[in-house]
Amino acid sequence: MGDPKGFLKIGRKPTPKRDKVERVQDYRYIYEPMPEDDLRDQAARCMDCGVPFCNVGCPLGNLIPDWNDLVYRDHWREAIDRLHATNNFPEFTGMLCPAPCEPACVLTINDDPVTIKEIELSIINRAFDEGWVAPKPPPPEKRTGKRVAVVGSGPAGLAAAQQLNWAGHSVTVFEKDDRIGGLLMYGIPDYKIEKWVVERRVDLMREEGIEFRTNAYVGYDPTTEELKENFDAVILAVGALAGRDLDVPGRELDGIHLAMDYLVQQNRRVAGLPIEEKEITAKGKNVVILGGGDTSADCLGNSHREGCASVKVLTHGPEPPKNPDRLTWPDWPLVLQTYPVHEEGGERGWSVAVTGFSGSNGRVERMHCIRTKRRPDGKTEYLTGTDFEIETELVLLAIGFTGPVHDRFLEDLNLGYTERGAIPSNGDENFGTKEPGVLVAGDAKRGASLIVWAIAEGRKAARQADQYLTGKSMLSSLEGGSPLNPTH
C-alpha cells in the first residue's frame with residue numbers, strides 16, 4: 001500500500017478521452033494517456049483493505065494491490081513482472097475489459113473504485129516503451145516433443161498457445177481468417193484497439209516459437225483427421241460467433257444484418273482490405289441497432305464514424321438503474337452502461353419490441369414496433385395500442401450470440417452442445433471433453449463472455465493440457481501450481 005490515507009485525500013479521476021468531435025472523424029484509440037503524476041495519485045487510492053476483493057472480481061486473479069503499490073513507488077519494472085505473472089496480454093484487457101475488478105474494489109462500498117484498468121494499461125504501455133517486453137522462447141532442452149493444435153486465435157487461443165509453448169510443447173495456432181487475433185482483429189472496432197497492438201503481441205509469440213497458420217479452416221484444410229493424426233492434444237478456442245437472429249415478418253429484406261457481419265466488414269475497410277461479400281455500410285443511412293450490450297455499442301461507434309444520417313439503439317428490456325445497488329457488492333452490478341460512443345450521438349430507447357419489417361423492391365424501409373413491459377416474473381409483455389413505426393435503411397441485430405458456429409470440424413468431433421449452445425466440457429473447472437486430448441476454452445465453453453474470462457480459461461486449459469501430455473504441470477493457474485517463469 002502506497003499512501004495509507006490516499007483514498008481519503010484523493011478522488012477518482014477518469015481516463016482522459018479525445019474530443020468527441022475530433023475522434024468520430026477517425027478510427028484511432030478513443031482515450032488519451034493519463035499523466036504519470038495522476039497515475040501515482042490514483043494508485044495511492046488503493047487502500048489497506050485486508051482482503052482485496054478486486055482479486056476475486058478479476059477472473060485472472062490479477063495481483064492488483066501489488067502493482068498499484070509498485071506504480072505509486074515508481075517501480076514500473078517490478079510492476080510489469082507482477083502484472084505478467086497472471087495476465088499474458090494486459091494491453092488487451094487494459095483496453096477492452098469492462099473491469100469487473102473495479103465494482104469489486106472495497107472502496108466501491110461508499111466511494112468510487114480505484115482506476116485499476118487505466119493503471120494496468122499504463123504499466124504495459126510503459127513496459128513496451130522501455131523495451132521490457134521481449135520474446136522469451138523456451139530453451140531447446142525444455143522441448144517435450146509433444147505437439148499441440150490450438151484452433152482459434154482469439155484471446156483464449158492465444159493465451160493457451162503462449163502458456164503451452166512456455167511449457168516446452170510445440171504449438172500451432174490455426175485461424176480460418178486471413179489475420180491472427182479472432183475478435184481482436186475482426187469484430188472489435190479499431191477505435192477500441194488499434195490492430196497494430198494485436199500484431200505486436202502476435203509477432204512476439206512468433207519469435208517465441210509458436211507457429212501461426214492463417215486461412216486454415218480446420219475441418220476443411222486441414223481436415224479433422226489430419227489434425228488428430230499430427231497433434232497430441234487439441235485446444236478448441238473457436239469462440240461463440242453464431243449471432244442470435246430475429247424471427248419476424250420481413251426479416252428476409254435486404255438491409256437487415258447480424259451485427260458481426262457489419263463489424264467484420266468495418267475492420268476490413270479500415271485496414272484497406274477487400275470485402276468479398278455484399279457491402280454493408282451505414283454511410284448516409286438511418287440506422288437502427290437492436291440490442292444494448294457491447295456489440296451494439298460497437299455498431300454505434302462505427303455508424304458515427306461512417307457518417308450515418310441518424311442512429312437509434314433500441315432494446316426490449318427496461319432501462320437499467322443509473323446507480324448500483326450497494327448490496328450487490330462485490331458482484332457485477334446491474335446498471336446502465338454508458339460508453340464513450342454514446343456521448344458521440346444517437347438515440348437510446350428501452351422497452352421496445354420488433355413485430356416486423358416492411359419495404360419495397362426487396363429492401364427494408366420501415367421497422368414495426370410495439371412498447372413492452374417487464375413483468376415481475378421476468379417475462380416481457382406487449383402493451384396493446386402502443387404500435388409505432390421507424391423509418392430505416394439499415395438494421396443491425398446485436399441481440400446476443402447462441403454459441404459456436406456449427407461447422408464441419410465440430411460436426412466431425414461430435415462433442416454435442418449444452419443448453420446454452422456451448423461445447424460441453426467435463427465440468428465447470430474441467431476443460432476436457434468426451435474426446436481424449438481435446439479440450440475447450442473461452443467463449444466456446446462458457447458462451448459469449450468477457451475478454452478477461454477468455455484469457456483466464458485459455459491459461460487453465462493450457463495447464464490441463466500440459467498435465468494430460470506430461471502427467472504434471474508447472475503452469476500457473478488459480479487452482480494451484482507454481483508460476484512458470486519463461487525466462488528460465
# chains A, B, ... in the order shown; residues from 1 in each chain; ligands from 1
>>> closest_atom_pairs(of="stretch 232-278 of chain A", to="stretch 163-171 of chain A", cutoff="12 Å", atoms="only C-alpha atoms", output="tab-separated table")
residue	atom	partner	partner_atom	distance
A:Asp232	CA	A:His169	CA	9.9
A:Ala233	CA	A:Val171	CA	9.8
A:Val234	CA	A:Val171	CA	9.8
A:Ile235	CA	A:Val171	CA	10.3
>>> residues_around(residues="A:Asp41", least_positions_apart="4", cutoff="9 Å", atoms="only C-alpha atoms", output="PyMOL selection string")
chain A and resi 6+10-11+36-37+45+72
>>> write_last_selection(atoms="N, CA and C atoms", output="PDB file, in the first residue's frame")
ATOM      1  N   GLY A   6      -4.370   7.686   1.219  1.00  0.00           N
ATOM      2  CA  GLY A   6      -4.586   8.175  -0.141  1.00  0.00           C
ATOM      3  C   GLY A   6      -6.047   8.179  -0.540  1.00  0.00           C
ATOM      4  N   ILE A  10      -7.706  11.660  -1.990  1.00  0.00           N
ATOM      5  CA  ILE A  10      -7.695  11.751  -3.458  1.00  0.00           C
ATOM      6  C   ILE A  10      -8.949  11.107  -4.024  1.00  0.00           C
ATOM      7  N   GLY A  11      -9.611  11.806  -4.934  1.00  0.00           N
ATOM      8  CA  GLY A  11     -10.785  11.249  -5.591  1.00  0.00           C
ATOM      9  C   GLY A  11     -10.421  10.515  -6.870  1.00  0.00           C
ATOM     10  N   GLU A  36       1.641  10.777 -15.679  1.00  0.00           N
ATOM     11  CA  GLU A  36       2.232   9.895 -14.673  1.00  0.00           C
ATOM     12  C   GLU A  36       1.922  10.339 -13.251  1.00  0.00           C
ATOM     13  N   ASP A  37       1.919  11.657 -12.993  1.00  0.00           N
ATOM     14  CA  ASP A  37       1.593  12.131 -11.645  1.00  0.00           C
ATOM     15  C   ASP A  37       0.175  11.736 -11.255  1.00  0.00           C
ATOM     16  N   ARG A  45      -4.717   5.590  -4.115  1.00  0.00           N
ATOM     17  CA  ARG A  45      -6.061   5.370  -3.571  1.00  0.00           C
ATOM     18  C   ARG A  45      -6.290   3.912  -3.169  1.00  0.00           C
ATOM     19  N   TYR A  72       2.808   3.427  -7.511  1.00  0.00           N
ATOM     20  CA  TYR A  72       2.917   4.560  -6.586  1.00  0.00           C
ATOM     21  C   TYR A  72       4.375   4.824  -6.211  1.00  0.00           C
TER      22      TYR A  72
END
>>> closest_residue(among="A:Glu435, A:Ile188, A:Trp76, A:Pro318", to="A:Arg375", atoms="only C-alpha atoms")
A:Pro318
>>> select_by_dssp(residues="stretch 202-243 of chain A", states="helix (DSSP H, G or I)", output="list in words")
Val202, Asp203, Leu204, Met205, Arg206, Glu207, Thr224, Glu225, Glu226, Leu227, Lys228, Glu229 and Asn230 of chain A
>>> write_last_selection(atoms="C-alpha atoms", output="PDB file, in the first residue's frame")
ATOM      1  CA  VAL A 202       1.496 -11.922 -32.114  1.00  0.00           C
ATOM      2  CA  ASP A 203       4.945 -11.065 -33.525  1.00  0.00           C
ATOM      3  CA  LEU A 204       6.452 -11.631 -30.082  1.00  0.00           C
ATOM      4  CA  MET A 205       4.756 -15.020 -29.861  1.00  0.00           C
ATOM      5  CA  ARG A 206       6.126 -15.974 -33.282  1.00  0.00           C
ATOM      6  CA  GLU A 207       9.622 -15.138 -32.032  1.00  0.00           C
ATOM      7  CA  THR A 224     -10.271 -33.162 -38.676  1.00  0.00           C
ATOM      8  CA  GLU A 225      -8.482 -36.478 -39.219  1.00  0.00           C
ATOM      9  CA  GLU A 226      -5.284 -34.740 -40.291  1.00  0.00           C
ATOM     10  CA  LEU A 227      -5.378 -32.636 -37.148  1.00  0.00           C
ATOM     11  CA  LYS A 228      -5.824 -35.669 -34.901  1.00  0.00           C
ATOM     12  CA  GLU A 229      -3.055 -37.576 -36.650  1.00  0.00           C
ATOM     13  CA  ASN A 230      -0.487 -34.790 -36.411  1.00  0.00           C
TER      14      ASN A 230
END
>>> residues_around(residues="stretch 332-342 of chain A", least_positions_apart="3", cutoff="8 Å", atoms="only C-alpha atoms", output="JSON, numbers by chain")
{"A": [30, 100, 103, 104, 297, 298, 300, 301, 319, 320, 321, 322, 323, 324, 325, 328, 329, 345, 346]}
>>> write_last_selection(atoms="C-alpha atoms", output="PDB file, in the first residue's frame")
ATOM      1  CA  ILE A  30     -10.500   6.902 -28.071  1.00  0.00           C
ATOM      2  CA  PRO A 100     -15.194  -6.427 -13.098  1.00  0.00           C
ATOM      3  CA  PRO A 103     -17.022  -2.880  -8.841  1.00  0.00           C
ATOM      4  CA  ALA A 104     -15.375  -5.445  -6.508  1.00  0.00           C
ATOM      5  CA  ALA A 297     -22.137  -0.061 -28.818  1.00  0.00           C
ATOM      6  CA  ASP A 298     -19.519  -1.204 -31.337  1.00  0.00           C
ATOM      7  CA  LEU A 300     -22.983   2.607 -32.827  1.00  0.00           C
ATOM      8  CA  GLY A 301     -19.411   3.889 -32.826  1.00  0.00           C
ATOM      9  CA  GLU A 319     -33.795   0.981 -18.781  1.00  0.00           C
ATOM     10  CA  PRO A 320     -31.377  -0.247 -16.077  1.00  0.00           C
ATOM     11  CA  PRO A 321     -30.772   1.914 -12.996  1.00  0.00           C
ATOM     12  CA  LYS A 322     -28.017   4.520 -13.246  1.00  0.00           C
ATOM     13  CA  ASN A 323     -26.612   3.719  -9.796  1.00  0.00           C
ATOM     14  CA  PRO A 324     -25.758   0.261  -8.450  1.00  0.00           C
ATOM     15  CA  ASP A 325     -27.489  -1.447  -5.594  1.00  0.00           C
ATOM     16  CA  THR A 328     -24.719  -6.416  -4.841  1.00  0.00           C
ATOM     17  CA  TRP A 329     -21.079  -5.693  -3.895  1.00  0.00           C
ATOM     18  CA  GLY A 345     -24.573  10.935 -30.604  1.00  0.00           C
ATOM     19  CA  GLY A 346     -27.576   8.795 -31.405  1.00  0.00           C
TER      20      GLY A 346
END
>>> select_by_dssp(residues="stretch 326-413 of chain A", states="strand (DSSP E)", output="count of residues only")
38
>>> residues_around(residues="stretch 114-121 of chain A", least_positions_apart="4", cutoff="10 Å", atoms="only C-alpha atoms", output="number ranges by chain")
A: 7, 11-15, 33-34, 36, 39-40, 42-47, 54, 62, 64-65, 67-68, 71, 79-80, 83, 90-103, 105-108, 125-127
>>> write_last_selection(atoms="C-alpha atoms", output="short mmCIF file (atom, residue, chain, number, x, y, z; two decimals), in the first residue's frame")
data_model
loop_
_atom_site.label_atom_id
_atom_site.label_comp_id
_atom_site.auth_asym_id
_atom_site.auth_seq_id
_atom_site.Cartn_x
_atom_site.Cartn_y
_atom_site.Cartn_z
CA PHE A 7 -8.18 7.02 -0.57
CA GLY A 11 -10.79 11.25 -5.59
CA ARG A 12 -11.13 9.02 -8.61
CA LYS A 13 -10.01 10.68 -11.82
CA PRO A 14 -11.41 9.30 -15.10
CA THR A 15 -9.19 8.40 -18.00
CA PRO A 33 -2.69 8.55 -21.80
CA MET A 34 -3.09 9.56 -18.18
CA GLU A 36 2.23 9.90 -14.67
CA LEU A 39 -1.41 7.69 -12.20
CA ARG A 40 0.61 7.76 -8.97
CA GLN A 42 -4.77 7.08 -8.49
CA ALA A 43 -2.56 4.17 -7.40
CA ALA A 44 -2.29 5.80 -3.97
CA ARG A 45 -6.06 5.37 -3.57
CA CYS A 46 -5.56 1.59 -3.26
CA MET A 47 -6.28 1.13 0.43
CA CYS A 54 -10.53 -6.91 -6.61
CA ASN A 62 -4.57 -10.28 -11.04
CA ILE A 64 -3.87 -5.66 -8.28
CA PRO A 65 -2.81 -4.18 -4.92
CA TRP A 67 1.14 -3.42 -8.87
CA ASN A 68 -0.82 -0.42 -7.63
CA VAL A 71 3.31 2.22 -9.56
CA ALA A 79 5.01 -3.74 -11.73
CA ILE A 80 5.03 -5.33 -15.18
CA LEU A 83 1.12 -7.98 -13.97
CA PRO A 90 -2.52 -6.80 -20.24
CA GLU A 91 -2.61 -4.49 -23.25
CA PHE A 92 -5.73 -6.32 -24.45
CA THR A 93 -7.53 -6.30 -21.10
CA GLY A 94 -6.35 -2.76 -20.34
CA MET A 95 -8.12 -1.56 -23.48
CA LEU A 96 -11.08 -3.94 -23.74
CA CYS A 97 -12.01 -5.46 -20.39
CA PRO A 98 -15.04 -3.88 -18.66
CA ALA A 99 -13.03 -4.32 -15.44
CA PRO A 100 -15.19 -6.43 -13.10
CA CYS A 101 -12.37 -5.86 -10.60
CA GLU A 102 -13.47 -2.24 -10.13
CA PRO A 103 -17.02 -2.88 -8.84
CA CYS A 105 -12.96 -2.83 -5.11
CA VAL A 106 -13.60 -2.31 -1.37
CA LEU A 107 -13.76 1.45 -1.96
CA THR A 108 -16.91 0.87 -4.01
CA ASN A 125 2.43 0.63 -22.24
CA ARG A 126 5.39 1.78 -20.16
CA ALA A 127 6.90 -1.72 -20.37
#
>>> atom_distance(atom1="atom CA of A:Ile423", atom2="atom CA of A:Gly403")
8.1 Å
>>> closest_residue(among="A:Lys136, A:Asn430, A:Asp3, A:Lys20", to="A:Asp69", atoms="only C-alpha atoms")
A:Asp3
>>> residues_around(residues="A:Arg82", least_positions_apart="4", cutoff="8 Å", atoms="only C-alpha atoms", output="NGL selection string")
:A and (63 or 66-67 or 78 or 86)
>>> write_last_selection(atoms="C-alpha atoms", output="PDB file, in the first residue's frame")
ATOM      1  CA  LEU A  63      -2.342  -9.112  -8.188  1.00  0.00           C
ATOM      2  CA  ASP A  66       0.763  -5.301  -5.622  1.00  0.00           C
ATOM      3  CA  TRP A  67       1.143  -3.421  -8.872  1.00  0.00           C
ATOM      4  CA  GLU A  78       8.600  -4.720 -10.985  1.00  0.00           C
ATOM      5  CA  THR A  86      -1.190 -13.646 -14.079  1.00  0.00           C
TER       6      THR A  86
END
